[in-house]
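*Asks:* Dumping the structure here so I can ask a few things about it.
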Amino acid sequence: MKAIKTSLVPDFTQDPKLLEQFGENGPYYTSYPTHGDWSNQLGHTDYVKSLKDFFLKNGDAPVHLYIHIPFCAKLCFYCICNIIVTNNRDRMQHFVDYLFREIDLLNNLFSEIGTRPNIKEIHLGGGTPSHLEDEQLEQLVNKLGEIADLKNIYEFAMEIDPRTTSRENLKFYSTLGINRISFGVQDFDSNVQEAINRVQPVEMVEDLLSPDVRACFDGFNFDLLYGLPRQTRKTFENTVDLVKKLAPERITLIKYAHAPELRKHMRLIDAKTLPPTDEMPLMFNDSVQSLTADGYVWVGIGDFAKPSDEMAKAVNEKRAWRDLGGFATGNARNMIGIGPTAGGAIGDAYFQNAYGINEYYKAIDEGQFPIHSGFIMDGDDVLRREVIFRIICDSSLDYEQIETKFAPILSGSFENYFSNELASLARFEEDGILEFNASINRGFSLTPTGRFFGRHVARVFDRFLQRAEGAYEISGP
Ligand SMILES: C[S@@+](CC[C@H](N)C(=O)[O-])C[C@H]1O[C@@H](n2cnc3c(N)ncnc32)[C@H](O)[C@@H]1O
Ligand code: SF4
């Protein structure tokens with residue numbers, strides 16, 4: 001209760017109309033166009049062309065390298081990621097060998113282009129990268145050193161399952177240059193943990209975060225999920241209180257996506273034990289109130305950072321960005337993905353690698369990049385991406401900034417180009433979600449209540465959701 005009194009963020013859940021709007025489904029915009037609009041007609045040749053075209057002109061562009069390692073020790077019933085549950089060391093080594101071959105393909109291509117990518121961020125994700133042996137991980141980092149200058153990386157992050165790591169492991173990772181750790185926490189309630197097949201008491205995480213371990217890293221992130229089985233407002237409030245005590249530098253709060261038709265193992269969760277739909281916005285609002293009252297900056301849709309963290313600084317300086325992994329500092333807007341399902345964003349194109357491990361191996365055996373789908377944007381798409389990302393990252397939009405950057409495409413004023421979209425925004429003004437020309441001369445800002453609706457406002461500019469008659473369809477996860 002104390003947290004609610006001291007938060008500066010209004011409680012939108014008191015307004016039934018806003019509550020209803022918040023519950024609408026819609027994209028979270030980790031990319032624009034969103035993944036559902038990408039084409040599976042793109043492949044190796046398109047990827048090579050995009051890399052060559054882009055890096056021949058922009059050899060110095062900062063790049064974020066994402067590596068997907070799909071292995072996990074045990075299945076979490078809620079997991080939607082591309083994972084393989086195994087403890088077979090040979091199988092994992094076989095995979096690592098293929099990762100190396102994909103890195104070789106990239107290295108050869110960059111030699112042909114005559115440049116080395118300016119890699120500024122690396123993210124080891126999965127699955128559970130910490131499920132690799134220390135020796136395998138060291139080999140992988142050394143291999144990455146062939147393509148990246150490891151002494152000049154801003155953020156070198158790794159996803160870790162706290163149940164399968166130790167303080168010694170963590171210290172070892174820091175000696176490899178890894179400077180940020182992301183823990184899958186999800187929920188600290190023992191009842192919930194039992195229902196999701198992931199028993200991980202708070203003491204386990206607390207024990208890992210000793211002062212000497214903390215001193216080895218620039219920051220820790222905790223992933224939290226709301227909407228899990230057996231969760232209630234009260235239990236989740238307790239989890240958030242425990243998280244605050246452990247004080248990670250960043251927190252990613254995501255709504256649990258229950259998709260048993262997509263991931264059969266989710267059937268192991270009894271749907272009757274999921275919290276009622278109308279409790280979701282309340283859980284989210286409670287968490288925002290509690291974390292902001294504690295001093296966290298609410299940076300993205302469900303992202304929070306300590307004020308001293310680079311993510312909070314990026315938001316203050318209006319340079320944050322959405323990338324395929326979620327909210328990002330914007331220091332490296334181009335992404336190269338390695339491993340199954342890994343995604344890439346190269347200039348005006350998006351790509352994604354094959355999902356299945358065999359399809360992935362087959363492409364590498366054929367000496368091809370394992371591209372499965374992608375999207376090549378036109379000028380209008382790039383413009384709309386900027387508008388959508390700026391609204392979500394800055395909670396405002398400055399038309400003049402967009403005009404300066406996109407003059408040839410707009411060929412006139414922002415207001416003229418987006419007249420239909422701006423007319424559609426009137427309903428958000430009526431609902432107190434945004435204000436026109438208030439803090440920005442020509443533009444709009446989200447009100448404090450409107451912060452909960454950034455992605456709802458942004459989707460007005462999504463041409464893939466627009467219908468001929470100008471209405472806006474809602475789709476997405
Ligand atoms: C690769 S895992 C995190 C690292 C490590 N494997 C672990 O679990 O500790 C990535 C994250 O995806 C999120 N995630 C998994 N399944 C999800 C789902 N069904 N809906 C939303 N987010 C999900 C979780 O927050 C999870 O921490
Ligand atoms: S949540 Fe993490 S540990 Fe659990 S199955 Fe998914 S990737 Fe593996």
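Chain identifiers are assigned as A, B, and so on, following the order in which chains appear in the structure tokens; residues are numbered from 1 within each chain, and ligands are numbered from 1 in order of appearance.
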Any residue with an atom at most 12 Å from ligand 2 counts, using only C-alpha atoms and all ligand atoms. Which are they? Put them as a ChimeraX atom specification.
*Replies:* /A:68-86,124-131,159-165,182-187,193,196-200,223-225,256,263,265-266
*Asks:* Please identify which residues in segment 143-382 of chain A DSSP calls strand (DSSP E) from the backbone, and express them as number ranges by chain.
*Replies:* A: 155-160, 180-186, 219-226, 250-255, 297-298, 303-305, 321-323, 326-328, 334-338, 343-346, 349-353, 371-376
*Asks:* Which residues come within 7 Å of segment 404-410 of chain A, counting only C-alpha atoms, excluding same-chain residues fewer than 4 positions away, as number ranges by chain?
*Replies:* A: 379-380, 383, 400, 414, 417
*Asks:* So that I can check the surroundings of segment 329-332 of chain A, please list as a ChimeraX atom specification every protein, DNA and RNA residue that reaches within 8 Å of it, counting only C-alpha atoms and ignoring chain neighbours fewer than 4 positions away.
*Replies:* /A:61-64,119-121,310-311,314-315,319-322
*Asks:* Enumerate, as a PyMOL selection string, the complete set of residues in segment 215-330 of chain A that a backbone-based DSSP assignment places in helix (DSSP H, G or I).
*Replies:* chain A and resi 233-246+264-268+271-273+277-293+310-316
*Asks:* With distances taken over only C-alpha atoms and all ligand atoms, which of A:Glu20, A:Asp303, A:Asp378, A:Glu429 is nearest to ligand 1?
*Replies:*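 Smallest distance to ligand 1 is found for A:Asp303.
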*Asks:* Could you give me, as JSON, numbers by chain, the residues within 12 Å of Tyr350 of chain A, counting only C-alpha atoms and dropping anything in the same chain fewer than 6 positions from it?
*Replies:* {"A": [30, 31, 32, 33, 34, 35, 37, 38, 39, 40, 42, 43, 46, 47, 50, 51, 323, 324, 333, 334, 335, 336, 337, 342, 343, 344, 371, 372, 373, 374, 375, 376, 377, 378, 381, 382]}
*Asks:* Per residue of segment 277-395 of chain A within 10 Å of segment 233-246 of chain A, note the shortest atom pair and the distance in Å to one decimal, counting only C-alpha atoms, and order the rows by chain and increasing residue number, as CSV.
*Replies:*
residue,atom,partner,partner_atom,distance
A:Glu279,CA,A:Arg233,CA,7.4
A:Met280,CA,A:Arg233,CA,8.6
A:Leu282,CA,A:Arg233,CA,7.3
A:Met283,CA,A:Arg233,CA,5.5
A:Phe284,CA,A:Arg233,CA,9.2
A:Asp286,CA,A:Glu237,CA,7.2
A:Ser287,CA,A:Val240,CA,6.7
A:Val288,CA,A:Val240,CA,9.8
A:Ser290,CA,A:Val240,CA,7.6
A:Leu291,CA,A:Lys244,CA,7.3
A:Asp294,CA,A:Lys244,CA,7.4
A:Gly295,CA,A:Lys244,CA,9.7
A:Tyr296,CA,A:Lys244,CA,9.3
*Asks:* Could you name the residues that touch Ala426 of chain A at 12 Å or less, counting only C-alpha atoms, but leaving out those on the same chain fewer than 6 positions away, as JSON, numbers by chain?
*Replies:* {"A": [419, 420, 432, 433, 434, 435, 436, 444, 457, 460]}
*Asks:* What would the file look like if the residues just selected were written as a JSON list (two decimals), in the first residue's frame with C-alpha atoms?
*Replies:*
[["chain", "number", "residue", "atom", "x", "y", "z"],
["A", 419, "SER", "CA", -3.60, 13.08, -41.85],
["A", 420, "ASN", "CA", -5.73, 9.91, -41.46],
["A", 432, "GLY", "CA", -6.74, 11.64, -21.67],
["A", 433, "ILE", "CA", -4.06, 9.34, -23.13],
["A", 434, "LEU", "CA", -2.20, 11.97, -25.15],
["A", 435, "GLU", "CA", -1.88, 15.73, -25.54],
["A", 436, "PHE", "CA", -1.14, 17.55, -28.79],
["A", 444, "PHE", "CA", 2.16, 14.98, -29.10],
["A", 457, "VAL", "CA", -1.18, 4.74, -29.82],
["A", 460, "VAL", "CA", -2.38, 3.66, -35.39]]
*Asks:* My list of candidates is A:Gly145, A:Pro370, A:Gly59, A:Gly302. Which is closest to Ser111 of chain A when distances are computed with only C-alpha atoms?
*Replies:*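 Under the stated criterion, the closest residue is A:Gly59.
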